[in-house]
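Structure file data.txt; described as compact mmCIF, C-alpha atoms.
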```
# COMPACT_ATOMS: atom_id res chain seq x y z
CA MET F 1 -13.96 23.67 -11.61
CA VAL F 2 -17.34 22.31 -10.57
CA GLU F 3 -20.27 23.53 -12.68
CA TRP F 4 -23.32 24.47 -10.61
CA THR F 5 -26.76 25.14 -12.00
CA ALA F 6 -28.80 27.92 -10.39
CA ALA F 7 -31.11 25.27 -8.95
CA GLU F 8 -28.20 23.38 -7.38
CA ARG F 9 -26.86 26.55 -5.75
CA ARG F 10 -30.33 27.26 -4.34
CA HIS F 11 -30.68 23.70 -3.02
CA VAL F 12 -27.29 23.81 -1.29
CA GLU F 13 -28.09 27.20 0.28
CA ALA F 14 -31.49 25.90 1.37
CA VAL F 15 -29.93 22.91 3.13
CA TRP F 16 -27.34 25.09 4.88
CA SER F 17 -30.11 27.41 6.06
CA LYS F 18 -31.62 24.46 7.95
CA ILE F 19 -28.36 23.44 9.61
CA ASP F 20 -27.47 24.54 13.14
CA ILE F 21 -23.73 23.85 13.11
CA ASP F 22 -23.57 23.54 16.92
CA VAL F 23 -26.20 20.77 16.79
CA CYS F 24 -25.52 18.98 13.52
CA GLY F 25 -21.72 19.03 13.73
CA PRO F 26 -21.57 16.97 16.93
CA LEU F 27 -24.39 14.65 15.77
CA ALA F 28 -22.63 13.92 12.46
CA LEU F 29 -19.24 13.14 14.03
CA GLN F 30 -20.82 11.04 16.83
CA ARG F 31 -22.75 9.07 14.21
CA CYS F 32 -19.61 8.53 12.11
CA LEU F 33 -17.66 7.21 15.12
CA ILE F 34 -20.55 4.86 16.00
CA VAL F 35 -21.53 3.61 12.53
CA TYR F 36 -17.93 3.37 11.24
CA PRO F 37 -15.94 2.55 14.39
CA TRP F 38 -12.60 2.40 12.59
CA THR F 39 -12.80 6.20 12.31
CA GLN F 40 -12.18 6.32 16.08
CA ARG F 41 -8.52 5.66 15.30
CA TYR F 42 -7.92 9.39 14.77
CA PHE F 43 -9.31 10.41 18.13
CA GLY F 44 -7.14 8.53 20.61
CA SER F 45 -6.58 11.70 22.64
CA PHE F 46 -10.30 12.41 22.99
CA GLY F 47 -10.87 10.21 26.03
CA ASP F 48 -13.65 7.67 26.42
CA LEU F 49 -15.07 6.40 23.12
CA SER F 50 -15.73 2.88 24.40
CA THR F 51 -19.54 2.91 24.12
CA ASP F 52 -22.18 4.72 22.07
CA ALA F 53 -23.20 6.62 25.21
CA ALA F 54 -19.59 7.63 25.86
CA ILE F 55 -19.25 8.95 22.30
CA MET F 56 -22.55 10.85 22.49
CA GLY F 57 -21.52 12.44 25.78
CA ASN F 58 -17.89 13.17 24.91
CA PRO F 59 -17.29 16.95 24.89
CA LYS F 60 -14.18 16.73 22.67
CA VAL F 61 -16.14 14.83 20.04
CA ALA F 62 -18.87 17.47 20.15
CA GLN F 63 -16.36 20.29 19.87
CA HIS F 64 -14.56 18.66 16.97
CA GLY F 65 -17.89 18.05 15.22
CA VAL F 66 -18.45 21.81 15.26
CA VAL F 67 -14.95 22.41 13.85
CA ALA F 68 -15.44 19.88 11.05
CA LEU F 69 -18.88 21.18 10.04
CA THR F 70 -17.66 24.78 10.14
CA GLY F 71 -14.91 23.68 7.75
CA LEU F 72 -17.49 22.09 5.44
CA ARG F 73 -19.45 25.32 5.39
CA THR F 74 -16.51 27.31 4.04
CA ALA F 75 -17.15 26.00 0.53
CA LEU F 76 -20.57 27.69 0.47
CA ASP F 77 -18.88 31.09 0.15
CA HIS F 78 -16.40 29.76 -2.43
CA MET F 79 -18.47 27.47 -4.64
CA ASP F 80 -16.45 28.37 -7.74
CA GLU F 81 -13.03 27.77 -6.21
CA ILE F 82 -13.49 24.81 -3.88
CA LYS F 83 -10.19 23.12 -4.81
CA SER F 84 -8.02 26.10 -3.88
CA THR F 85 -10.13 26.87 -0.79
CA TYR F 86 -9.26 23.50 0.77
CA ALA F 87 -5.64 23.14 -0.43
CA ALA F 88 -4.13 23.94 2.97
CA LEU F 89 -6.61 21.74 4.86
CA SER F 90 -5.84 18.91 2.44
CA VAL F 91 -2.13 19.17 3.19
CA LEU F 92 -2.91 19.23 6.93
CA HIS F 93 -5.10 16.09 6.79
CA SER F 94 -2.57 14.25 4.64
CA GLU F 95 0.80 15.19 6.06
CA LYS F 96 0.09 16.01 9.67
CA LEU F 97 -3.11 14.13 10.61
CA HIS F 98 -2.61 11.15 8.24
CA VAL F 99 -6.33 10.63 7.71
CA ASP F 100 -7.39 8.08 5.09
CA PRO F 101 -9.32 10.34 2.68
CA ASP F 102 -12.03 7.72 2.15
CA ASN F 103 -13.16 8.53 5.69
CA PHE F 104 -14.14 12.07 4.62
CA ARG F 105 -16.82 10.44 2.48
CA LEU F 106 -18.10 8.48 5.49
CA LEU F 107 -18.38 11.60 7.66
CA CYS F 108 -20.25 13.34 4.84
CA GLU F 109 -22.65 10.40 4.52
CA CYS F 110 -23.37 10.58 8.23
CA LEU F 111 -23.92 14.33 7.95
CA THR F 112 -26.42 13.75 5.15
CA ILE F 113 -28.27 11.21 7.32
CA VAL F 114 -28.39 13.67 10.25
CA ILE F 115 -29.78 16.35 7.94
CA ALA F 116 -32.29 13.90 6.48
CA GLY F 117 -33.49 13.11 10.00
CA LYS F 118 -33.97 16.80 10.74
CA MET F 119 -35.53 17.83 7.41
CA GLY F 120 -37.66 14.74 6.73
CA LYS F 121 -39.62 14.99 3.50
CA LYS F 122 -38.33 18.57 2.94
CA LEU F 123 -35.03 17.00 1.82
CA SER F 124 -36.31 16.25 -1.67
CA PRO F 125 -34.40 13.91 -4.01
CA ASP F 126 -33.17 16.95 -5.99
CA MET F 127 -31.94 18.70 -2.84
CA GLN F 128 -30.22 15.49 -1.69
CA ALA F 129 -28.48 15.19 -5.07
CA ALA F 130 -27.26 18.81 -5.05
CA TRP F 131 -26.17 18.53 -1.42
CA GLN F 132 -24.23 15.32 -2.12
CA LYS F 133 -22.58 16.97 -5.14
CA TYR F 134 -21.44 19.80 -2.83
CA LEU F 135 -20.04 17.31 -0.29
CA CYS F 136 -18.33 15.32 -3.09
CA ALA F 137 -16.62 18.48 -4.31
CA VAL F 138 -15.33 19.25 -0.80
CA VAL F 139 -14.23 15.64 -0.22
CA SER F 140 -12.42 15.64 -3.55
CA ALA F 141 -10.68 18.94 -2.71
CA LEU F 142 -9.64 17.58 0.70
CA GLY F 143 -8.14 14.51 -0.94
CA ARG F 144 -6.28 16.38 -3.65
CA GLN F 145 -3.02 17.12 -1.88
CA TYR F 146 -2.42 13.49 -0.89
CA HIS F 147 0.45 11.82 -2.67
CA MET C 148 -21.30 -9.00 13.06
CA LEU C 149 -24.80 -8.18 14.20
CA SER C 150 -25.56 -8.29 17.92
CA LYS C 151 -28.86 -9.63 19.24
CA ARG C 152 -30.03 -6.07 19.94
CA GLU C 153 -29.10 -4.96 16.42
CA LYS C 154 -31.10 -7.82 14.89
CA GLU C 155 -34.09 -6.77 17.03
CA LEU C 156 -33.75 -3.14 15.90
CA ILE C 157 -33.64 -4.22 12.25
CA ILE C 158 -36.75 -6.40 12.54
CA GLU C 159 -38.57 -3.60 14.43
CA ILE C 160 -37.84 -1.12 11.67
CA TRP C 161 -38.87 -3.37 8.78
CA THR C 162 -42.02 -4.46 10.60
CA ARG C 163 -43.01 -0.81 10.99
CA LEU C 164 -42.31 -0.15 7.31
CA THR C 165 -44.01 -3.18 5.77
CA PRO C 166 -47.44 -1.44 5.54
CA VAL C 167 -45.83 1.40 3.51
CA ALA C 168 -43.34 -0.80 1.67
CA ASP C 169 -44.27 0.59 -1.75
CA ARG C 170 -43.82 4.25 -0.75
CA ILE C 171 -40.56 3.66 1.12
CA GLY C 172 -39.09 1.53 -1.67
CA ALA C 173 -40.20 3.95 -4.38
CA GLU C 174 -38.70 6.90 -2.50
CA ALA C 175 -35.36 5.14 -2.04
CA LEU C 176 -35.28 4.27 -5.74
CA LEU C 177 -36.20 7.82 -6.76
CA ARG C 178 -33.45 9.26 -4.53
CA MET C 179 -30.97 6.85 -6.10
CA PHE C 180 -32.01 7.74 -9.66
CA THR C 181 -31.74 11.48 -8.85
CA SER C 182 -28.36 11.36 -7.07
CA TYR C 183 -26.81 8.69 -9.27
CA PRO C 184 -28.31 9.01 -12.76
CA GLY C 185 -26.18 6.09 -14.04
CA THR C 186 -28.44 3.76 -12.07
CA LYS C 187 -31.38 4.65 -14.33
CA THR C 188 -29.75 2.72 -17.17
CA TYR C 189 -31.09 -0.54 -15.73
CA PHE C 190 -34.69 0.67 -15.96
CA SER C 191 -35.05 1.92 -19.51
CA HIS C 192 -37.91 -0.56 -19.98
CA MET C 193 -39.91 0.88 -17.08
CA ASP C 194 -41.71 4.09 -16.18
CA ILE C 195 -39.67 5.31 -13.21
CA THR C 196 -41.18 8.77 -12.93
CA PRO C 197 -42.24 9.75 -9.38
CA ARG C 198 -45.31 7.88 -8.09
CA SER C 199 -45.50 5.67 -11.20
CA ALA C 200 -47.07 2.23 -10.78
CA HIS C 201 -43.80 0.58 -11.87
CA LEU C 202 -41.79 2.48 -9.27
CA LEU C 203 -44.23 1.67 -6.45
CA SER C 204 -44.41 -1.98 -7.42
CA LEU C 205 -40.64 -2.38 -7.65
CA GLY C 206 -40.15 -0.41 -4.43
CA GLN C 207 -42.58 -2.70 -2.65
CA LYS C 208 -40.84 -5.85 -3.90
CA ILE C 209 -37.46 -4.61 -2.70
CA VAL C 210 -38.64 -3.54 0.77
CA LEU C 211 -40.57 -6.78 1.30
CA ALA C 212 -37.46 -8.78 0.33
CA LEU C 213 -35.38 -6.74 2.80
CA ALA C 214 -38.01 -7.26 5.50
CA GLU C 215 -38.22 -11.00 4.84
CA GLY C 216 -34.44 -11.39 4.89
CA SER C 217 -34.21 -9.64 8.25
CA LYS C 218 -36.26 -12.39 9.94
CA ASP C 219 -33.45 -14.94 9.52
CA ILE C 220 -30.20 -13.10 8.80
CA ALA C 221 -28.05 -16.16 9.47
CA ASN C 222 -29.63 -17.90 6.47
CA LEU C 223 -29.49 -15.11 3.91
CA MET C 224 -27.31 -17.24 1.58
CA THR C 225 -30.13 -19.78 1.35
CA SER C 226 -33.14 -17.48 1.35
CA LEU C 227 -31.62 -15.11 -1.22
CA ALA C 228 -30.38 -17.82 -3.62
CA PRO C 229 -33.06 -17.18 -6.26
CA LEU C 230 -32.51 -13.41 -6.08
CA GLN C 231 -28.73 -13.94 -6.28
CA THR C 232 -29.14 -15.87 -9.53
CA TYR C 233 -31.57 -13.30 -10.92
CA HIS C 234 -29.33 -10.29 -10.17
CA ALA C 235 -26.13 -11.98 -11.35
CA TYR C 236 -27.17 -13.77 -14.48
CA GLN C 237 -30.22 -11.91 -15.71
CA LEU C 238 -30.07 -8.35 -14.45
CA ARG C 239 -26.24 -8.20 -14.30
CA ILE C 240 -26.28 -5.07 -12.18
CA GLN C 241 -22.87 -3.57 -11.43
CA PRO C 242 -22.51 -4.57 -7.75
CA ASN C 243 -21.35 -1.11 -6.61
CA ASN C 244 -24.92 0.02 -7.29
CA PHE C 245 -26.15 -2.01 -4.31
CA LYS C 246 -24.13 0.39 -2.11
CA LEU C 247 -25.71 3.40 -3.79
CA PHE C 248 -29.19 1.98 -3.23
CA SER C 249 -28.37 1.08 0.40
CA HIS C 250 -27.27 4.67 1.05
CA CYS C 251 -30.48 6.07 -0.44
CA MET C 252 -32.54 3.58 1.56
CA ILE C 253 -30.85 4.83 4.73
CA VAL C 254 -31.54 8.46 3.75
CA THR C 255 -35.19 7.50 3.18
CA LEU C 256 -35.37 5.80 6.58
CA ALA C 257 -33.85 8.88 8.25
CA CYS C 258 -36.37 11.18 6.54
CA PHE C 259 -39.23 8.89 7.53
CA MET C 260 -38.16 8.18 11.10
CA GLY C 261 -36.49 11.46 12.14
CA ASP C 262 -34.98 11.24 15.62
CA ARG C 263 -36.10 7.61 15.96
CA PHE C 264 -33.43 6.68 13.42
CA THR C 265 -30.80 6.72 16.14
CA PRO C 266 -27.07 6.13 15.57
CA SER C 267 -27.48 2.52 16.78
CA SER C 268 -30.40 1.93 14.39
CA HIS C 269 -28.34 3.48 11.60
CA ALA C 270 -25.32 1.28 12.41
CA ALA C 271 -27.48 -1.86 12.56
CA MET C 272 -29.25 -1.07 9.30
CA ASP C 273 -26.00 -0.15 7.52
CA LYS C 274 -24.51 -3.50 8.55
CA TYR C 275 -27.63 -5.40 7.50
CA LEU C 276 -27.81 -3.71 4.09
CA SER C 277 -24.08 -4.36 3.55
CA ALA C 278 -24.56 -8.04 4.38
CA PHE C 279 -27.65 -8.26 2.16
CA SER C 280 -25.78 -6.57 -0.73
CA ALA C 281 -22.76 -8.86 -0.28
CA VAL C 282 -24.96 -11.97 -0.43
CA LEU C 283 -26.86 -10.61 -3.43
CA GLY C 284 -23.57 -10.05 -5.26
CA GLU C 285 -22.07 -13.49 -4.39
CA LYS C 286 -22.77 -15.15 -7.72
CA PHE C 287 -21.45 -12.29 -9.87
CA ARG C 288 -18.04 -13.90 -10.17
```

Show me this structure written as structure tokens.
Amino acid sequence: MVEWTAAERRHVEAVWSKIDIDVCGPLALQRCLIVYPWTQRYFGSFGDLSTDAAIMGNPKVAQHGVVALTGLRTALDHMDEIKSTYAALSVLHSEKLHVDPDNFRLLCECLTIVIAGKMGKKLSPDMQAAWQKYLCAVVSALGRQYH
Amino acid sequence: MLSKREKELIIEIWTRLTPVADRIGAEALLRMFTSYPGTKTYFSHMDITPRSAHLLSLGQKIVLALAEGSKDIANLMTSLAPLQTYHAYQLRIQPNNFKLFSHCMIVTLACFMGDRFTPSSHAAMDKYLSAFSAVLGEKFR
């Protein structure tokens, strides 16, 4: 189980309070598909991803960004049982979607960059560290059921 | 592979940051030390507390080296040769740490530039920092 200090819990809650899932979800997924183009491999059915503009304007990408970020938020209400919270999603991503789990880390990095852009200096080094610890815990839980 | 446009974006960004090189570099280092405490082990001989003279001076050196390298990316292997030797044989920094620093530099750029740090700027900078890190780590083995 992940050990959280009171300060870390506060930092993670503070970051979530600044996130509009409908805005940040799409931005994070669009950024991931642009910065790490190999991640486009999982979205063949999403239509036009051929240019940055196409990705930014693609409604399926935007919609899926919201789904993914909503999923990431689940852990906030289950900080002391993250592994079990994501067990089913881990099985889904491994056995049905066949997503290379290292790509979860890339999406989370892009999300952190989007949040950094929105929060500017308010994303202090300590908040960044706590936030990244949260994302690491979720990424680890999502990768756990792969075998 | 960096396109012509990406090279222009990279130069634009570093040119804008050169006047505040010390602050940007120090912030990236501080974020790295906070998120990845293992990286502090290389600096036990320095005062790396926030806003320390050491941190600002080191931050400035790093950002100026990144800015200089961006002016002639095709010749990084030549221009970085002295720094390659220094990092490999004297500092002997575990090369994975270059990735950790690059990530924190990108977070710092995003905080500083807000919306102007567009996905294409991010992609260009990520590629440049990866290339820079790869060249820096060339002599390690």

With all atoms listed in the file as the basis for distance, which of C:Asn243, C:Gln207, C:Ser280, C:Ser268 is at the shortest distance from chain F?
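For chain F, the nearest of the candidates is C:Ser268.
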
Can you tell me how far atom CA of Phe287 of chain C sits from atom CA of Ala235 of chain C, in Å to one decimal?
4.9 Å

Fewer than 5 positions away in the same chain doesn't count, so skip those; otherwise give me all residues within 10 Å of Met272 of chain C, counting all atoms listed in the file, as a list of chain:residue names.
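Near Met272 of chain C, the qualifying residues are F:Val35, C:Leu149, C:Glu153, C:Lys154, C:Leu156, C:Ile157, C:Ile158, C:Ile160, C:Trp161, C:Ser217, C:Ser249, C:Met252, C:Ile253, C:Leu256, C:Phe264, C:Pro266, C:Ser267, C:Ser277, C:Ala278.
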
To one decimal place in Å, what is the distance between atom CA of Leu123 of chain F and atom CA of Ala14 of chain F?
9.6 Å

Contacts of chain C with chain F up to 9 Å, shortest pair per row, all atoms listed in the file, as a tab-separated table:
```
residue	atom	partner	partner_atom	distance
C:Glu174	CA	F:Pro125	CA	8.4
C:Leu177	CA	F:Pro125	CA	6.9
C:Arg178	CA	F:Pro125	CA	4.8
C:Met179	CA	F:Pro125	CA	8.1
C:Phe180	CA	F:Pro125	CA	8.7
C:Thr181	CA	F:Pro125	CA	6.0
C:Ser182	CA	F:Ala129	CA	4.3
C:Tyr183	CA	F:Ala129	CA	7.9
C:His250	CA	F:Glu109	CA	8.1
C:Ile253	CA	F:Ile113	CA	7.4
C:Val254	CA	F:Ile113	CA	5.6
C:Thr255	CA	F:Ala116	CA	7.8
C:Leu256	CA	F:Gly117	CA	8.3
C:Ala257	CA	F:Gly117	CA	4.6
C:Cys258	CA	F:Gly120	CA	3.8
C:Phe259	CA	F:Gly120	CA	6.1
C:Met260	CA	F:Gly117	CA	6.9
C:Gly261	CA	F:Gly117	CA	4.0
C:Asp262	CA	F:Gly117	CA	6.1
C:Arg263	CA	F:Gly117	CA	8.5
C:Phe264	CA	F:Gly117	CA	7.3
C:Thr265	CA	F:Arg31	CA	8.6
C:Pro266	CA	F:Arg31	CA	5.4
C:Ser267	CA	F:Ile34	CA	7.4
C:His269	CA	F:Val35	CA	6.9
C:Ala270	CA	F:Val35	CA	4.5
C:Ala271	CA	F:Val35	CA	8.1
C:Asp273	CA	F:Val35	CA	7.7
C:Lys274	CA	F:Val35	CA	8.7
```

So that I can see what lies close to Asn103 of chain F, please list as a ChimeraX atom specification the residues with an atom at most 10 Å from it, counting all atoms listed in the file and leaving out residues fewer than 2 positions away in the same chain.
/F:32,36,38-39,99-101,105-109,139

Name the residues in contact with segment 58-61 of chain F at a cut-off of 10 Å, using all atoms listed in the file, excluding same-chain residues fewer than 4 positions from it; report them as a ChimeraX atom specification.
/F:25-27,29-30,33,43,45-49,52-54,65-67

Suppose we keep C-alpha atoms; can you now write the selection as a PDB file, in the coordinates of the input?
```
ATOM      1  CA  GLY F  25     -21.720  19.030  13.730  1.00  0.00           C
ATOM      2  CA  PRO F  26     -21.570  16.970  16.930  1.00  0.00           C
ATOM      3  CA  LEU F  27     -24.390  14.650  15.770  1.00  0.00           C
ATOM      4  CA  LEU F  29     -19.240  13.140  14.030  1.00  0.00           C
ATOM      5  CA  GLN F  30     -20.820  11.040  16.830  1.00  0.00           C
ATOM      6  CA  LEU F  33     -17.660   7.210  15.120  1.00  0.00           C
ATOM      7  CA  PHE F  43      -9.310  10.410  18.130  1.00  0.00           C
ATOM      8  CA  SER F  45      -6.580  11.700  22.640  1.00  0.00           C
ATOM      9  CA  PHE F  46     -10.300  12.410  22.990  1.00  0.00           C
ATOM     10  CA  GLY F  47     -10.870  10.210  26.030  1.00  0.00           C
ATOM     11  CA  ASP F  48     -13.650   7.670  26.420  1.00  0.00           C
ATOM     12  CA  LEU F  49     -15.070   6.400  23.120  1.00  0.00           C
ATOM     13  CA  ASP F  52     -22.180   4.720  22.070  1.00  0.00           C
ATOM     14  CA  ALA F  53     -23.200   6.620  25.210  1.00  0.00           C
ATOM     15  CA  ALA F  54     -19.590   7.630  25.860  1.00  0.00           C
ATOM     16  CA  GLY F  65     -17.890  18.050  15.220  1.00  0.00           C
ATOM     17  CA  VAL F  66     -18.450  21.810  15.260  1.00  0.00           C
ATOM     18  CA  VAL F  67     -14.950  22.410  13.850  1.00  0.00           C
TER      19      VAL F  67
END
```

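Proximity of C:Gly172, C:Gly206, C:Pro197, C:Gly216 to Tyr275 of chain C, computed with all atoms listed in the file, is greatest for C:Gly216.
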
At a cut-off of 8 Å, using only C-alpha atoms, what residues contact Leu72 of chain F? Leave out same-chain residues fewer than 3 positions from it and give the result as number ranges by chain.
F: 68-69, 75, 135, 138

Take atom CA of Lys187 of chain C and atom CA of Leu283 of chain C and report the distance between them in Å, one decimal.
19.3 Å

Please tell me which residues are no farther than 10 Å from (-39.3, -1.6, -11.1) in the file, counting all atoms listed in the file, and write them as a ChimeraX atom specification.
/C:172-173,176,189-190,192-195,199-209

Can you tell me which residues surround segment 91-96 of chain F at a distance of at most 9 Å, considering only C-alpha atoms, apart from same-chain residues fewer than 5 positions away, and format the answer as a ChimeraX atom specification?
/F:86,101,142-147

Using all atoms listed in the file, which residue out of F:Val12, F:Cys136, F:Val23, F:Ala141 lies closest to Ser84 of chain F?
F:Ala141

Taking the partial coordinates given, rebuild segment 120-137 of chain F to contain N, CA and C atoms; return it as a JSON list (two decimals), in the frame of the given file.
```json
[["chain", "number", "residue", "atom", "x", "y", "z"],
["F", 120, "GLY", "N", -36.60, 15.65, 7.16],
["F", 120, "GLY", "CA", -37.66, 14.74, 6.73],
["F", 120, "GLY", "C", -37.93, 14.89, 5.24],
["F", 121, "LYS", "N", -39.23, 14.93, 4.90],
["F", 121, "LYS", "CA", -39.62, 14.99, 3.50],
["F", 121, "LYS", "C", -39.10, 16.25, 2.80],
["F", 122, "LYS", "N", -38.78, 17.32, 3.56],
["F", 122, "LYS", "CA", -38.33, 18.57, 2.94],
["F", 122, "LYS", "C", -36.99, 18.37, 2.21],
["F", 123, "LEU", "N", -36.25, 17.30, 2.58],
["F", 123, "LEU", "CA", -35.03, 17.00, 1.82],
["F", 123, "LEU", "C", -35.46, 16.19, 0.60],
["F", 124, "SER", "N", -35.82, 16.91, -0.47],
["F", 124, "SER", "CA", -36.31, 16.25, -1.67],
["F", 124, "SER", "C", -35.15, 15.50, -2.35],
["F", 125, "PRO", "N", -35.47, 14.57, -3.26],
["F", 125, "PRO", "CA", -34.40, 13.91, -4.01],
["F", 125, "PRO", "C", -33.47, 14.90, -4.71],
["F", 126, "ASP", "N", -34.03, 15.97, -5.29],
["F", 126, "ASP", "CA", -33.17, 16.95, -5.99],
["F", 126, "ASP", "C", -32.25, 17.68, -5.02],
["F", 127, "MET", "N", -32.78, 18.02, -3.84],
["F", 127, "MET", "CA", -31.94, 18.70, -2.84],
["F", 127, "MET", "C", -30.85, 17.76, -2.36],
["F", 128, "GLN", "N", -31.21, 16.49, -2.13],
["F", 128, "GLN", "CA", -30.22, 15.49, -1.69],
["F", 128, "GLN", "C", -29.10, 15.40, -2.72],
["F", 129, "ALA", "N", -29.48, 15.34, -4.01],
["F", 129, "ALA", "CA", -28.48, 15.19, -5.07],
["F", 129, "ALA", "C", -27.53, 16.39, -5.10],
["F", 130, "ALA", "N", -28.09, 17.60, -5.02],
["F", 130, "ALA", "CA", -27.26, 18.81, -5.05],
["F", 130, "ALA", "C", -26.35, 18.86, -3.82],
["F", 131, "TRP", "N", -26.92, 18.54, -2.67],
["F", 131, "TRP", "CA", -26.17, 18.53, -1.42],
["F", 131, "TRP", "C", -25.00, 17.54, -1.48],
["F", 132, "GLN", "N", -25.28, 16.34, -2.01],
["F", 132, "GLN", "CA", -24.23, 15.32, -2.12],
["F", 132, "GLN", "C", -23.17, 15.76, -3.12],
["F", 133, "LYS", "N", -23.57, 16.46, -4.17],
["F", 133, "LYS", "CA", -22.58, 16.97, -5.14],
["F", 133, "LYS", "C", -21.65, 17.97, -4.45],
["F", 134, "TYR", "N", -22.23, 18.82, -3.60],
["F", 134, "TYR", "CA", -21.44, 19.80, -2.83],
["F", 134, "TYR", "C", -20.43, 19.07, -1.96],
["F", 135, "LEU", "N", -20.92, 18.06, -1.21],
["F", 135, "LEU", "CA", -20.04, 17.31, -0.29],
["F", 135, "LEU", "C", -18.95, 16.58, -1.08],
["F", 136, "CYS", "N", -19.32, 16.02, -2.24],
["F", 136, "CYS", "CA", -18.33, 15.32, -3.09],
["F", 136, "CYS", "C", -17.23, 16.27, -3.49],
["F", 137, "ALA", "N", -17.61, 17.50, -3.86],
["F", 137, "ALA", "CA", -16.62, 18.48, -4.31],
["F", 137, "ALA", "C", -15.66, 18.80, -3.17]]
```
